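Okay, structure first, notes after.
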Amino acid sequence: MPSYQACCAHDHDCEAEECGPAWSLHKHVHLSHVSALNEAVQGSAVSVLRPWHQRLEPPVPNLDSNDDDPELLIHIPFDGTVKLKAVCIIGGSDGTAPSELRAFTNRDDLDFAAVGELSPVQRWELQDNSSGQLEYRTQLTKFNGVHSVDLHIPANFGAGHTRIHFIGLKGEFTQGRREAVVAVYETQPMPDTVSKLPTTGFTSDVA
């Protein structure tokens with residue numbers, strides 16, 4: 001599958017509707033359900049999913065793969081449906097930055113064995129992006145109606161482990177999550193709906 005080149009995401013020279021801050025999907029990421037396979041510190045994937053303006057700030061902790069295994073698989077669900085337009089990844093130094101990215105959409109059952117057999121929706125060859133000025137555009141027709149995306153990083157630039165400082169997702173929120181409608185029924189009739197009982201005509205024989 002062909003890879004796609006990065007494009008510039010400078011805040012000062014992009015069209016207003018295409019800038020990272022304007023189209024950041026961070027607030028629509030279901031953070032409590034984000035997960036990653038082969039992360040050295042459990043839960044660290046959440047720390048690198050931050051607002052666009054925080055992309056150059058060091059996360060605590062970084063998202064690192066385990067030693068001697070650079071592969072990562074990051075599951076990112078949204079709180080509704082989105083049109084994913086671009087991905088920005090800032091990696092570590094000394095060869096730890098990811099060199100390849102593969103994306104899968106709307107899957108909740110992926111592991112390393114599965115992504116090794118499946119064709120990704122799209123694949124990118126990554127470049128050094130320590131300044132956070134590069135983004136990788138998606139093929140829009142393949143990323144419409146997305147409620148989750150899995151980012152598979154199979155390799156880096158030669159280090160024993162992979163390090164990620166920031167993952168940014170750019171796009172358009174299209175539909176909120178549908179919630180179940182809970183109907184509440186009255187257990188007792190309201191006073192104005194109670195029919196008056198007919199008069200019996202009985203009289204008390206108690207003196």
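Going by the structure tokens order, chains are called A, B, ..., each with residues numbered from 1, while ligands are numbered from 1 in the order shown.
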
If you run DSSP on the backbone here, which positions in segment 74-196 of chain A get helix (DSSP H, G or I)? Please write them as a list in words. Phe112, Ala113, Ala114, Val115, Gly116, Glu117, Leu140, Thr141, Lys142, Pro191, Asp192 and Thr193 of chain A

May I have the selected residues written with N, CA, C and O atoms, as a PDB file, in the first residue's frame?
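Writing done, so here's result.pdb:
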```pdb
ATOM      1  N   PHE A 112      -1.489  -7.403  18.013  1.00  0.00           N
ATOM      2  CA  PHE A 112      -0.366  -7.399  17.073  1.00  0.00           C
ATOM      3  C   PHE A 112      -0.503  -8.497  16.010  1.00  0.00           C
ATOM      4  O   PHE A 112      -0.098  -8.310  14.867  1.00  0.00           O
ATOM      5  N   ALA A 113      -1.068  -9.621  16.381  1.00  0.00           N
ATOM      6  CA  ALA A 113      -1.257 -10.686  15.400  1.00  0.00           C
ATOM      7  C   ALA A 113      -2.234 -10.241  14.317  1.00  0.00           C
ATOM      8  O   ALA A 113      -2.012 -10.488  13.126  1.00  0.00           O
ATOM      9  N   ALA A 114      -3.308  -9.564  14.713  1.00  0.00           N
ATOM     10  CA  ALA A 114      -4.321  -9.127  13.746  1.00  0.00           C
ATOM     11  C   ALA A 114      -3.774  -8.064  12.803  1.00  0.00           C
ATOM     12  O   ALA A 114      -3.983  -8.133  11.585  1.00  0.00           O
ATOM     13  N   VAL A 115      -3.082  -7.045  13.342  1.00  0.00           N
ATOM     14  CA  VAL A 115      -2.589  -5.975  12.470  1.00  0.00           C
ATOM     15  C   VAL A 115      -1.475  -6.466  11.553  1.00  0.00           C
ATOM     16  O   VAL A 115      -1.203  -5.864  10.509  1.00  0.00           O
ATOM     17  N   GLY A 116      -0.837  -7.577  11.920  1.00  0.00           N
ATOM     18  CA  GLY A 116       0.167  -8.147  11.046  1.00  0.00           C
ATOM     19  C   GLY A 116      -0.427  -8.819   9.824  1.00  0.00           C
ATOM     20  O   GLY A 116       0.248  -8.980   8.803  1.00  0.00           O
ATOM     21  N   GLU A 117      -1.708  -9.192   9.917  1.00  0.00           N
ATOM     22  CA  GLU A 117      -2.375  -9.880   8.818  1.00  0.00           C
ATOM     23  C   GLU A 117      -3.297  -8.969   8.014  1.00  0.00           C
ATOM     24  O   GLU A 117      -3.573  -9.251   6.847  1.00  0.00           O
ATOM     25  N   LEU A 140      -9.635  11.216   2.845  1.00  0.00           N
ATOM     26  CA  LEU A 140     -10.863  11.562   3.554  1.00  0.00           C
ATOM     27  C   LEU A 140     -11.990  10.565   3.332  1.00  0.00           C
ATOM     28  O   LEU A 140     -12.780  10.302   4.244  1.00  0.00           O
ATOM     29  N   THR A 141     -12.095  10.029   2.133  1.00  0.00           N
ATOM     30  CA  THR A 141     -13.197   9.097   1.863  1.00  0.00           C
ATOM     31  C   THR A 141     -13.103   7.833   2.704  1.00  0.00           C
ATOM     32  O   THR A 141     -14.103   7.142   2.911  1.00  0.00           O
ATOM     33  N   LYS A 142     -11.899   7.530   3.215  1.00  0.00           N
ATOM     34  CA  LYS A 142     -11.705   6.331   4.027  1.00  0.00           C
ATOM     35  C   LYS A 142     -11.784   6.620   5.525  1.00  0.00           C
ATOM     36  O   LYS A 142     -11.742   5.683   6.327  1.00  0.00           O
ATOM     37  N   PRO A 191     -52.658  13.619  41.793  1.00  0.00           N
ATOM     38  CA  PRO A 191     -53.947  13.932  42.438  1.00  0.00           C
ATOM     39  C   PRO A 191     -55.030  14.339  41.453  1.00  0.00           C
ATOM     40  O   PRO A 191     -56.190  13.973  41.617  1.00  0.00           O
ATOM     41  N   ASP A 192     -54.678  15.103  40.425  1.00  0.00           N
ATOM     42  CA  ASP A 192     -55.711  15.588  39.520  1.00  0.00           C
ATOM     43  C   ASP A 192     -56.188  14.520  38.551  1.00  0.00           C
ATOM     44  O   ASP A 192     -57.092  14.757  37.761  1.00  0.00           O
ATOM     45  N   THR A 193     -55.564  13.320  38.580  1.00  0.00           N
ATOM     46  CA  THR A 193     -56.007  12.248  37.697  1.00  0.00           C
ATOM     47  C   THR A 193     -56.829  11.204  38.440  1.00  0.00           C
ATOM     48  O   THR A 193     -57.299  10.250  37.846  1.00  0.00           O
TER      49      THR A 193
END
```

May I have the residues within 7 Å of Leu151 of chain A as number ranges by chain, using only C-alpha atoms and disregarding those fewer than 5 positions away in the same chain? A: 73-75, 101-104

With all heavy atoms retained, export the selected residues as a short mmCIF file (atom, residue, chain, number, x, y, z; two decimals), in the first residue's frame.
```cif
data_model
loop_
_atom_site.label_atom_id
_atom_site.label_comp_id
_atom_site.auth_asym_id
_atom_site.auth_seq_id
_atom_site.Cartn_x
_atom_site.Cartn_y
_atom_site.Cartn_z
N LEU A 73 0.76 -0.34 19.60
CA LEU A 73 -0.58 -0.33 19.01
C LEU A 73 -1.47 0.46 19.94
O LEU A 73 -1.73 0.05 21.07
CB LEU A 73 -1.11 -1.75 18.82
CG LEU A 73 -2.51 -1.89 18.23
CD1 LEU A 73 -2.58 -1.26 16.84
CD2 LEU A 73 -2.94 -3.35 18.18
N ILE A 74 -1.94 1.62 19.46
CA ILE A 74 -2.68 2.56 20.30
C ILE A 74 -4.13 2.62 19.85
O ILE A 74 -4.41 2.91 18.68
CB ILE A 74 -2.04 3.95 20.23
CG1 ILE A 74 -0.55 3.86 20.53
CG2 ILE A 74 -2.74 4.92 21.19
CD1 ILE A 74 0.26 4.97 19.93
N HIS A 75 -5.05 2.34 20.76
CA HIS A 75 -6.48 2.37 20.47
C HIS A 75 -7.06 3.69 20.99
O HIS A 75 -6.96 3.99 22.18
CB HIS A 75 -7.19 1.19 21.13
CG HIS A 75 -8.67 1.18 20.93
ND1 HIS A 75 -9.26 0.96 19.70
CD2 HIS A 75 -9.69 1.38 21.81
CE1 HIS A 75 -10.58 1.01 19.82
NE2 HIS A 75 -10.86 1.26 21.09
N LEU A 101 3.74 4.57 10.32
CA LEU A 101 2.44 4.61 10.98
C LEU A 101 1.41 3.92 10.10
O LEU A 101 1.35 4.18 8.89
CB LEU A 101 2.02 6.06 11.26
CG LEU A 101 0.63 6.27 11.88
CD1 LEU A 101 0.59 5.67 13.29
CD2 LEU A 101 0.28 7.74 11.93
N ARG A 102 0.62 3.06 10.70
CA ARG A 102 -0.47 2.37 10.01
C ARG A 102 -1.75 2.62 10.79
O ARG A 102 -1.76 2.51 12.03
CB ARG A 102 -0.17 0.88 9.89
CG ARG A 102 1.17 0.57 9.26
CD ARG A 102 1.59 -0.87 9.45
NE ARG A 102 0.92 -1.76 8.53
CZ ARG A 102 0.20 -2.83 8.90
NH1 ARG A 102 0.05 -3.12 10.18
NH2 ARG A 102 -0.37 -3.60 7.99
N ALA A 103 -2.84 2.93 10.10
CA ALA A 103 -4.10 3.27 10.76
C ALA A 103 -5.20 2.28 10.39
O ALA A 103 -5.34 1.88 9.23
CB ALA A 103 -4.53 4.69 10.40
N PHE A 104 -5.98 1.91 11.40
CA PHE A 104 -7.16 1.07 11.24
C PHE A 104 -8.33 1.79 11.90
O PHE A 104 -8.16 2.44 12.94
CB PHE A 104 -6.96 -0.29 11.90
CG PHE A 104 -5.77 -1.06 11.38
CD1 PHE A 104 -4.49 -0.79 11.88
CD2 PHE A 104 -5.92 -2.03 10.42
CE1 PHE A 104 -3.39 -1.50 11.41
CE2 PHE A 104 -4.82 -2.73 9.94
CZ PHE A 104 -3.55 -2.47 10.44
#
```

Report as a compact mmCIF listing (two decimals) with N, CA, C and O atoms, in the first residue's frame: the residues of segment 54-148 of chain A with a DSSP assignment of strand (DSSP E), based on the backbone of this structure.
```
# COMPACT_ATOMS: atom_id res chain seq x y z
N LEU A 63 5.11 8.19 26.21
CA LEU A 63 4.65 6.87 25.78
C LEU A 63 5.85 6.12 25.21
O LEU A 63 6.35 6.45 24.13
N ASP A 64 6.36 5.16 25.96
CA ASP A 64 7.49 4.34 25.55
C ASP A 64 7.03 2.91 25.33
O ASP A 64 6.20 2.38 26.09
N LEU A 72 4.25 -0.52 18.81
CA LEU A 72 3.16 -0.01 19.65
C LEU A 72 1.85 -0.11 18.87
O LEU A 72 1.83 0.03 17.65
N LEU A 73 0.76 -0.34 19.60
CA LEU A 73 -0.58 -0.33 19.01
C LEU A 73 -1.47 0.46 19.94
O LEU A 73 -1.73 0.05 21.07
N ILE A 74 -1.94 1.62 19.46
CA ILE A 74 -2.68 2.56 20.30
C ILE A 74 -4.13 2.62 19.85
O ILE A 74 -4.41 2.91 18.68
N HIS A 75 -5.05 2.34 20.76
CA HIS A 75 -6.48 2.37 20.47
C HIS A 75 -7.06 3.69 20.99
O HIS A 75 -6.96 3.99 22.18
N ILE A 76 -7.67 4.48 20.09
CA ILE A 76 -8.20 5.80 20.44
C ILE A 76 -9.67 5.87 20.05
O ILE A 76 -10.00 6.02 18.87
N PRO A 77 -10.58 5.76 21.01
CA PRO A 77 -12.01 5.90 20.72
C PRO A 77 -12.47 7.36 20.88
O PRO A 77 -11.86 8.13 21.63
N PHE A 78 -13.53 7.72 20.19
CA PHE A 78 -14.11 9.06 20.29
C PHE A 78 -15.46 8.99 20.99
O PHE A 78 -16.07 7.92 21.09
N ASP A 79 -15.93 10.14 21.45
CA ASP A 79 -17.24 10.17 22.11
C ASP A 79 -18.38 10.36 21.12
O ASP A 79 -19.50 10.65 21.49
N GLY A 80 -18.09 10.18 19.86
CA GLY A 80 -19.08 10.26 18.80
C GLY A 80 -18.44 9.85 17.49
O GLY A 80 -17.49 9.06 17.48
N THR A 81 -18.92 10.40 16.41
CA THR A 81 -18.40 10.08 15.08
C THR A 81 -17.64 11.28 14.54
O THR A 81 -18.09 12.42 14.66
N VAL A 82 -16.49 11.03 13.92
CA VAL A 82 -15.64 12.10 13.41
C VAL A 82 -15.24 11.82 11.97
O VAL A 82 -15.31 10.69 11.48
N LYS A 83 -14.82 12.88 11.30
CA LYS A 83 -14.15 12.78 10.01
C LYS A 83 -12.69 13.11 10.27
O LYS A 83 -12.33 14.25 10.54
N LEU A 84 -11.83 12.09 10.24
CA LEU A 84 -10.42 12.27 10.58
C LEU A 84 -9.66 12.78 9.36
O LEU A 84 -9.64 12.13 8.31
N LYS A 85 -9.01 13.95 9.51
CA LYS A 85 -8.36 14.60 8.37
C LYS A 85 -6.84 14.49 8.39
O LYS A 85 -6.21 14.49 7.34
N ALA A 86 -6.24 14.43 9.58
CA ALA A 86 -4.78 14.40 9.65
C ALA A 86 -4.34 13.89 11.02
O ALA A 86 -5.09 13.96 12.00
N VAL A 87 -3.10 13.40 11.05
CA VAL A 87 -2.48 12.93 12.28
C VAL A 87 -1.12 13.62 12.43
O VAL A 87 -0.38 13.79 11.46
N CYS A 88 -0.80 14.03 13.65
CA CYS A 88 0.50 14.61 13.95
C CYS A 88 1.13 13.80 15.08
O CYS A 88 0.48 13.55 16.10
N ILE A 89 2.37 13.36 14.87
CA ILE A 89 3.08 12.59 15.89
C ILE A 89 4.45 13.22 16.12
O ILE A 89 5.19 13.49 15.17
N ILE A 90 4.76 13.47 17.39
CA ILE A 90 6.08 13.94 17.78
C ILE A 90 6.75 12.83 18.56
O ILE A 90 6.25 12.38 19.59
N GLY A 91 7.88 12.36 18.04
CA GLY A 91 8.59 11.26 18.68
C GLY A 91 9.80 11.72 19.46
O GLY A 91 10.12 12.91 19.54
N GLU A 100 7.23 4.69 10.96
CA GLU A 100 6.12 4.22 10.14
C GLU A 100 4.85 4.25 10.96
O GLU A 100 4.87 3.99 12.17
N LEU A 101 3.74 4.57 10.32
CA LEU A 101 2.44 4.61 10.98
C LEU A 101 1.41 3.92 10.10
O LEU A 101 1.35 4.18 8.89
N ARG A 102 0.62 3.06 10.70
CA ARG A 102 -0.47 2.37 10.01
C ARG A 102 -1.75 2.62 10.79
O ARG A 102 -1.76 2.51 12.03
N ALA A 103 -2.84 2.93 10.10
CA ALA A 103 -4.10 3.27 10.76
C ALA A 103 -5.20 2.28 10.39
O ALA A 103 -5.34 1.88 9.23
N PHE A 104 -5.98 1.91 11.40
CA PHE A 104 -7.16 1.07 11.24
C PHE A 104 -8.33 1.79 11.90
O PHE A 104 -8.16 2.44 12.94
N THR A 105 -9.51 1.69 11.34
CA THR A 105 -10.66 2.42 11.89
C THR A 105 -11.77 1.47 12.32
O THR A 105 -11.95 0.39 11.75
N GLN A 122 -4.79 3.17 5.92
CA GLN A 122 -3.78 4.01 5.31
C GLN A 122 -2.45 3.81 6.03
O GLN A 122 -2.42 3.48 7.22
N ARG A 123 -1.35 4.04 5.31
CA ARG A 123 -0.01 3.89 5.86
C ARG A 123 0.81 5.12 5.50
O ARG A 123 0.68 5.68 4.41
N TRP A 124 1.65 5.55 6.46
CA TRP A 124 2.53 6.70 6.22
C TRP A 124 3.96 6.33 6.61
O TRP A 124 4.19 5.64 7.60
N GLU A 125 4.93 6.83 5.85
CA GLU A 125 6.32 6.82 6.27
C GLU A 125 6.59 8.14 6.98
O GLU A 125 6.42 9.21 6.40
N LEU A 134 4.79 19.08 11.36
CA LEU A 134 4.38 18.20 10.26
C LEU A 134 3.12 17.44 10.64
O LEU A 134 2.94 17.03 11.79
N GLU A 135 2.25 17.29 9.66
CA GLU A 135 1.07 16.46 9.86
C GLU A 135 0.92 15.54 8.65
O GLU A 135 1.44 15.81 7.57
N TYR A 136 0.20 14.46 8.85
CA TYR A 136 0.02 13.46 7.81
C TYR A 136 -1.47 13.39 7.47
O TYR A 136 -2.28 12.99 8.30
N ARG A 137 -1.78 13.79 6.26
CA ARG A 137 -3.17 13.87 5.82
C ARG A 137 -3.73 12.47 5.55
O ARG A 137 -3.02 11.57 5.11
N VAL A 146 -15.88 7.80 11.51
CA VAL A 146 -14.94 7.10 12.39
C VAL A 146 -15.35 7.27 13.85
O VAL A 146 -15.51 8.39 14.32
N HIS A 147 -15.53 6.17 14.55
CA HIS A 147 -15.78 6.26 16.00
C HIS A 147 -14.61 5.77 16.83
O HIS A 147 -14.58 5.93 18.05
N SER A 148 -13.60 5.16 16.17
CA SER A 148 -12.35 4.83 16.85
C SER A 148 -11.27 4.64 15.80
O SER A 148 -11.55 4.26 14.66
```

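With atom CA of His26 of chain A on one side and atom CA of Ile167 of chain A on the other, the separation reads 9.5 Å.
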